[in-house]
Amino acid sequence: MDIFAQLQKVFGFSSFRSNQQEIVEAILAGKDVFAVMPTGGGKSLCYQLPASLLSGGCIVISPLISLMKDQVDAALAIGLEAAYLNSTLPQNEQQEVMARMQRGGYQLLYISPERLALPGFLQRLKKSPFSFLAVDEAHCISEWGHDFRPDYLALSRIREEFPHLPLAAFTATATEKVQEDITRRLHLSDPLLVRASFDRPNLFYQVLPRQQVNKQIEGAIREHKGEAGIVYRLSRNDVEKTASYLSARGIAALPYHAGLEAGVRQRNQEAFNRDEVQVIVATVAFGMGIDKSNVRFVIHGDLPKNLESYYQETGRAGRDNEPAHCLLFYSRGDFFRLRPFIEQLQDKQERELGLQQLRRMMAFAEQPMCRRRAVLAYFDEEYGQENCGACDICVHGTEEIDGTVDAQKVMSAIYRTDQRFGAGHIVDIVYGAKSKRIVSLGHDQIKTYGVGKKEGKGHWRSVIDALLAQGLLQAEGGEYPLLKLTAAGEEVLFGKKKFIHHCILAPEEVVPQEETHDRELFARLQLLRREMAEEEGVPPYVLFSDRSLHEMCCSYPENDREFLAVNGVGQVKLRQYGASFLAVIRDYLQEHPEIEKVIPAVVEQKGKETPHKGLQASDTVTETLVLAREGLGVAEIAARRGLKPITIAGHLEQIFRQEENDLDILRFIEPDLLQELTAQFVANGSVRLKPVVESMAGRADYDQARIVRGYLQGSGNIL
Ligand code: ADP
Ligand code: MG
């Protein structure tokens with residue numbers, strides 16, 4: 001059994017992600033498996049690939065009915081024999097599925113844990129010729145997990161009932177306690193244990209001080225035009241408010257929270273899943289029932305209650321491993337909004353733990369430390385690199401600022417009002433607000449009144465947050481805490497000590513992810529994907545992931561072979577959708593002759609995955625090389641191979657770029673033209689084709705410029 005060939009043919013992937021290969025091999029060898037892999041780590045493939053090879057197929061136990069349908073649709077879309085059994089199917093269809101199951105007609109059969117517990121069902125399942133079982137979202141079996149489901153406890157019996165079948169359990173929940181619980185309850189015997197890194201390198205973490213949160217959220221979403229995202233809010237009320245705020249400003253957003261009627265909730269989730277709305281605004285109730293892979297941003301409008309929740313919620317972004325943005329709007333005041341939730345816990349120990357975790361979450365938002373390092377440290381994982389390159393701290397850098405004067409302004413206002421007011425009021429004094437309350441209390445007469453007008457209220461709010469974070473101030477009291485100076489704070493006020501704080505450089509800038517694909521083509525392919533998905537009644541990401549579309553927008557495949565080289569395109573998807581997608585790409589290329597193709601081999605090398613064998617793309621370059629050596633020109637090679645001249649020019653560019661090649665550039669470009677083009681490239685000081693071709697005013701075309709560019713990059717690296 002060639003698992004690599006199967007990976008390419010069925011799934012359209014050129015390499016395994018970390019840990020996938022050993023898991024697949026273990027299952028094929030009949031071993032139990034327990035794998036902890038982060039969201040987006042590619043757990044499904046670990047059981048789907050063996051299921052596609054073994055004679056009996058796989059029973060997949062999966063917790064959510066809504067999820068099941070999407071997973072089956074995705075499996076069917078790559079040509080696997082798959083079905084699910086749950087109560088949403090009409091009775092007669094359930095009978096059909098069971099009959100086919102007993103005949104061994106499925107490679108994948110998804111069932112819910114409740115189903116397993118139904119009388120008589122187990123007996124029929126046992127008579128069916130399955131080769132192994134997979135338990136997805138296995139943490140649902142643990143009461144310590146965040147999604148405990150009592151019916152998962154029934155799974156404790158599967159080992160007894162299927163003593164001869166290997167059992168593979170998967171989860172993204174990382175805590176030790178949950179892990180132990182799962183192995184014990186499932187009675188795994190000598191399993192292959194896999195614990196993948198929890199790092200999600202494609203997620204960019206950022207924290208900004210919260211000011212006008214809805215406006216800030218709107219701004220952040222506008223940076224993600226046409227991309228799907230989730231906005232988390234703490235309360236149902238805020239969910240509703242933010243959703244209507246966004247809708248009123250023309251952003252398609254729907255609310256999701258437990259207070260909505262189940263039908264509405266379901267519809268809103270579906271609409272988001274199918275890219276019919278851009279944004280879902282939700283409480284933490286949202287997330288479990290969704291496998292949507294193209295979520296490009298997750299925004300937290302409020303502080304999550306601990307790092308575990310933060311990790312799980314942000315983890316819903318970028319499952320396709322494409323860049324995604326996680327943005328938290330933070331205000332220290334959230335502590336007081338969250339504390340009551342924790343204080344209502346019965347158990348004293350849990351209460352203490354809850355508060356401790358909340359403080360840790362605040363520290364994450366406040367400390368000038370790599371966010372990735374902080375998240376991973378929560379899972380006891382040490383991050384190996386100095387600079388993660390994908391969080392605000394590492395990318396922007398921080399600066400130490402002497403904020404003593406600002407601190408004194410704030411503290412003086414607190415001191416002169418006898419430490420009897422909260423943060424809002426103090427900000428009003430320093431800022432110089434003309435509120436009734438200020439006037440009636442005579443606070444507009446205080447010396448510090450209005451000294452901070454030009455910095456704005458938000459600035460003073462963050463100064464107070466920083467003073468609290470460093471223990472120079474403390475907030476006392478329940479709902480409306482009063483600010484008081486601590487002993488250390490008094491030292492700053494009276495000039496005995498400095499107040500130094502770390503400031504993230506250029507924090508107001510929402511981080512743009514590096515744009516590597518063609519946006520215009522992407523929009524067209526996105527539309528096509530949505531239309532075709534709608535016709536088939538499946539979510540768009542089931543057809544192709546964003547990653548696949550992004551690749552198409554770099555490599556511009558023009559034939560079946562090039563299309564197959566795109567990540568995520570296997571035989572079945574080529575057959576089903578190849579013609580339609582290729583047609584759109586071809587039209588687009590006709591309209592844009594200036595386009596620079598990045599051939600798949602290059603795209604692939606950028607990814608983390610290491611290709612295990614030569615890619616088809618490089619074979620096609622070799623074919624061009626062979627013909628070029630025979631003395632053929634661009635047009636002739638193109639005609640001979642049935643490819644476009646632009647493609648051949650791209651091949652030649654690559655060939656010339658290599659240090660050792662035996663082709664003579666002068667066979668493709670006249671000496672005068674070569675000289676002129678070289679001069680243009682040098683004058684432009686860039687590798688971009690467009691300015692060069694434009695300044696040649698018709699004396700050279702893109703193909704020629706491209707070939708020369710490859711030559712200049714190869715020969716002594718002029719470019
Ligand atoms: P998980 O269940 O671990 O959250 P999924 O199984 O849903 O993750 O996979 C996440 C995404 O990664 C999917 O879009 C899937 O197609 C993709 N994927 C999985 N394995 C690979 C691979 N070897 N190469 C490229 N993409 C992969
Ligand atoms: Mg999964």
# chains A, B, ... in the order shown; residues from 1 in each chain; ligands from 1

call {"tool": "residues_near_ligand", "arguments": {"ligand": "ligand 2", "cutoff": "10 Å", "atoms": "only C-alpha atoms and all ligand atoms", "output": "NGL selection string"}}
result
:A and (37-45 or 62 or 67 or 71 or 136-137 or 170-172 or 290-291 or 319)

call {"tool": "write_last_selection", "arguments": {"atoms": "N, CA and C atoms", "output": "short mmCIF file (atom, residue, chain, number, x, y, z; two decimals), in the first residue's frame"}}
result
data_model
loop_
_atom_site.label_atom_id
_atom_site.label_comp_id
_atom_site.auth_asym_id
_atom_site.auth_seq_id
_atom_site.Cartn_x
_atom_site.Cartn_y
_atom_site.Cartn_z
N MET A 37 -3.58 16.86 18.63
CA MET A 37 -3.07 17.75 17.58
C MET A 37 -3.93 19.00 17.56
N PRO A 38 -3.33 20.15 17.31
CA PRO A 38 -4.12 21.38 17.37
C PRO A 38 -5.17 21.42 16.26
N THR A 39 -6.10 22.30 16.43
CA THR A 39 -7.09 22.56 15.39
C THR A 39 -6.38 22.91 14.09
N GLY A 40 -6.87 22.32 13.02
CA GLY A 40 -6.24 22.58 11.74
C GLY A 40 -5.00 21.73 11.51
N GLY A 41 -4.68 20.88 12.47
CA GLY A 41 -3.50 20.03 12.35
C GLY A 41 -3.68 18.91 11.34
N GLY A 42 -4.91 18.68 10.94
CA GLY A 42 -5.15 17.64 9.93
C GLY A 42 -5.46 16.29 10.54
N LYS A 43 -6.31 16.28 11.54
CA LYS A 43 -6.64 15.02 12.21
C LYS A 43 -7.49 14.11 11.31
N SER A 44 -8.43 14.69 10.57
CA SER A 44 -9.31 13.84 9.77
C SER A 44 -8.54 12.94 8.82
N LEU A 45 -7.52 13.53 8.20
CA LEU A 45 -6.78 12.73 7.23
C LEU A 45 -6.17 11.49 7.88
N SER A 62 -18.34 10.87 16.25
CA SER A 62 -18.18 12.31 16.18
C SER A 62 -19.34 12.97 16.92
N LEU A 67 -21.90 18.92 12.35
CA LEU A 67 -20.55 18.72 11.87
C LEU A 67 -20.46 17.50 10.96
N GLN A 71 -18.71 16.94 7.30
CA GLN A 71 -17.57 16.05 7.16
C GLN A 71 -17.82 14.99 6.09
N ASP A 136 -13.40 11.00 17.22
CA ASP A 136 -12.98 12.38 16.97
C ASP A 136 -13.44 13.25 18.14
N GLU A 137 -12.77 14.35 18.38
CA GLU A 137 -13.11 15.24 19.50
C GLU A 137 -13.20 14.44 20.79
N PHE A 170 -8.74 11.15 18.79
CA PHE A 170 -8.17 12.43 18.41
C PHE A 170 -8.78 13.57 19.21
N THR A 171 -7.95 14.49 19.60
CA THR A 171 -8.46 15.69 20.26
C THR A 171 -7.50 16.86 20.06
N ALA A 172 -8.06 18.05 20.23
CA ALA A 172 -7.21 19.25 20.17
C ALA A 172 -7.06 19.85 21.55
N ILE A 290 -18.60 23.65 14.20
CA ILE A 290 -18.18 24.24 12.93
C ILE A 290 -16.77 23.82 12.54
N ASP A 291 -16.65 23.42 11.29
CA ASP A 291 -15.37 22.97 10.78
C ASP A 291 -14.88 23.89 9.67
N ARG A 319 -7.84 27.28 9.88
CA ARG A 319 -7.69 25.82 9.88
C ARG A 319 -7.03 25.31 8.61
#

call {"tool": "residues_around", "arguments": {"residues": "A:Ile59", "least_positions_apart": "6", "cutoff": "8 Å", "atoms": "only C-alpha atoms", "output": "MDAnalysis selection string"}}
result
chainID A and resid 108:111 130 132:134

call {"tool": "write_last_selection", "arguments": {"atoms": "C-alpha atoms", "output": "JSON list (two decimals), in the first residue's frame"}}
result
[["chain", "number", "residue", "atom", "x", "y", "z"],
["A", 108, "LEU", "CA", -16.27, 5.99, 6.42],
["A", 109, "LEU", "CA", -19.37, 5.83, 8.55],
["A", 110, "TYR", "CA", -19.94, 8.71, 10.95],
["A", 111, "ILE", "CA", -22.09, 8.02, 13.96],
["A", 130, "PHE", "CA", -15.15, -2.51, 9.63],
["A", 132, "PHE", "CA", -11.02, 0.21, 12.81],
["A", 133, "LEU", "CA", -12.72, 2.89, 14.89],
["A", 134, "ALA", "CA", -11.88, 6.54, 15.24]]

call {"tool": "atom_distance", "arguments": {"atom1": "atom CA of A:Gly259", "atom2": "atom CA of A:Lys241"}}
result
13.9 Å

call {"tool": "residues_around", "arguments": {"residues": "A:Ile585", "least_positions_apart": "5", "cutoff": "9 Å", "atoms": "only C-alpha atoms", "output": "PDB file with C-alpha atoms, in the first residue's frame"}}
result
ATOM      1  CA  LEU A 521      -8.715  36.257  -9.551  1.00  0.00           C
ATOM      2  CA  ARG A 524     -13.683  35.313  -9.124  1.00  0.00           C
ATOM      3  CA  LEU A 525     -12.739  31.844  -7.948  1.00  0.00           C
ATOM      4  CA  MET A 552      -4.429  28.803  -8.041  1.00  0.00           C
ATOM      5  CA  CYS A 553      -3.976  32.564  -7.806  1.00  0.00           C
ATOM      6  CA  TYR A 556      -2.461  30.005 -12.593  1.00  0.00           C
ATOM      7  CA  PRO A 557      -2.901  26.379 -13.684  1.00  0.00           C
ATOM      8  CA  GLU A 558      -3.922  26.070 -17.305  1.00  0.00           C
ATOM      9  CA  SER A 580     -14.975  25.106 -14.548  1.00  0.00           C
ATOM     10  CA  GLN A 590      -6.246  36.233 -21.473  1.00  0.00           C
TER      11      GLN A 590
END

call {"tool": "select_by_dssp", "arguments": {"residues": "stretch 248-285 of chain A", "states": "strand (DSSP E or B)", "output": "PyMOL selection string"}}
result
chain A and resi 253-256+279-282

call {"tool": "closest_residue", "arguments": {"among": "A:Phe16, A:Phe4, A:Phe421, A:Tyr383", "to": "ligand 1", "atoms": "only C-alpha atoms and all ligand atoms"}}
result
A:Phe16

call {"tool": "closest_residue", "arguments": {"among": "A:Lys690, A:Lys457, A:Lys9, A:Arg372", "to": "A:Phe204", "atoms": "only C-alpha atoms"}}
result
A:Arg372

call {"tool": "residues_around", "arguments": {"residues": "A:Val427", "least_positions_apart": "6", "cutoff": "8 Å", "atoms": "only C-alpha atoms", "output": "list in words"}}
result
Val410, Lys457, Trp460 and Arg461 of chain A

call {"tool": "residues_around", "arguments": {"residues": "A:Lys496", "least_positions_apart": "6", "cutoff": "12 Å", "atoms": "only C-alpha atoms", "output": "list in words"}}
result
Thr404, Gln408, Ala487, Ala488, Gly489 and Glu490 of chain A

call {"tool": "write_last_selection", "arguments": {"atoms": "N, CA, C and O atoms", "output": "PDB file, in the first residue's frame"}}
result
ATOM      1  N   THR A 404       6.532  58.821  33.628  1.00  0.00           N
ATOM      2  CA  THR A 404       6.386  59.362  34.980  1.00  0.00           C
ATOM      3  C   THR A 404       5.461  60.584  35.031  1.00  0.00           C
ATOM      4  O   THR A 404       4.589  60.676  35.892  1.00  0.00           O
ATOM      5  N   GLN A 408       1.994  60.903  37.014  1.00  0.00           N
ATOM      6  CA  GLN A 408       1.781  61.909  38.058  1.00  0.00           C
ATOM      7  C   GLN A 408       0.496  62.700  37.823  1.00  0.00           C
ATOM      8  O   GLN A 408      -0.217  63.039  38.763  1.00  0.00           O
ATOM      9  N   ALA A 487       1.578  52.050  47.987  1.00  0.00           N
ATOM     10  CA  ALA A 487       2.799  52.671  48.514  1.00  0.00           C
ATOM     11  C   ALA A 487       3.786  52.951  47.381  1.00  0.00           C
ATOM     12  O   ALA A 487       4.381  54.034  47.296  1.00  0.00           O
ATOM     13  N   ALA A 488       3.915  51.971  46.479  1.00  0.00           N
ATOM     14  CA  ALA A 488       4.827  52.161  45.349  1.00  0.00           C
ATOM     15  C   ALA A 488       4.346  53.308  44.477  1.00  0.00           C
ATOM     16  O   ALA A 488       5.139  54.081  43.926  1.00  0.00           O
ATOM     17  N   GLY A 489       3.025  53.422  44.351  1.00  0.00           N
ATOM     18  CA  GLY A 489       2.442  54.495  43.552  1.00  0.00           C
ATOM     19  C   GLY A 489       2.791  55.857  44.124  1.00  0.00           C
ATOM     20  O   GLY A 489       3.123  56.793  43.384  1.00  0.00           O
ATOM     21  N   GLU A 490       2.741  55.974  45.436  1.00  0.00           N
ATOM     22  CA  GLU A 490       3.055  57.262  46.057  1.00  0.00           C
ATOM     23  C   GLU A 490       4.492  57.686  45.759  1.00  0.00           C
ATOM     24  O   GLU A 490       4.770  58.858  45.548  1.00  0.00           O
TER      25      GLU A 490
END

call {"tool": "closest_residue", "arguments": {"among": "A:Val375, A:Leu543, A:Ala475, A:Ile500", "to": "ligand 1", "atoms": "only C-alpha atoms and all ligand atoms"}}
result
A:Leu543

call {"tool": "closest_residue", "arguments": {"among": "A:Ala649, A:Leu549, A:Ala635, A:Leu246", "to": "ligand 1", "atoms": "only C-alpha atoms and all ligand atoms"}}
result
A:Leu549

call {"tool": "atom_distance", "arguments": {"atom1": "atom CA of A:Thr242", "atom2": "atom CA of A:Arg222"}}
result
14.6 Å

call {"tool": "residues_around", "arguments": {"residues": "stretch 389-394 of chain A", "least_positions_apart": "2", "cutoff": "6 Å", "atoms": "only C-alpha atoms", "output": "list in words"}}
result
Phe204, Tyr205, Gln206, Cys370, Asn387, His396 and Gly397 of chain A

call {"tool": "residues_around", "arguments": {"residues": "A:Ala523", "least_positions_apart": "3", "cutoff": "12 Å", "atoms": "only C-alpha atoms", "output": "PyMOL selection string"}}
result
chain A and resi 225-227+517-520+526-530+546+549-550+552-553+584-585+588

call {"tool": "select_by_dssp", "arguments": {"residues": "stretch 399-431 of chain A", "states": "helix (DSSP H, G or I)", "output": "VMD selection string"}}
result
chain A and resid 404 to 416 423 to 431

call {"tool": "closest_residue", "arguments": {"among": "A:Lys597, A:His443, A:Arg371, A:Arg547", "to": "ligand 1", "atoms": "only C-alpha atoms and all ligand atoms"}}
result
A:Arg547

call {"tool": "closest_residue", "arguments": {"among": "A:Gly263, A:Gly12, A:Pro129, A:Gly458", "to": "ligand 1", "atoms": "only C-alpha atoms and all ligand atoms"}}
result
A:Gly12
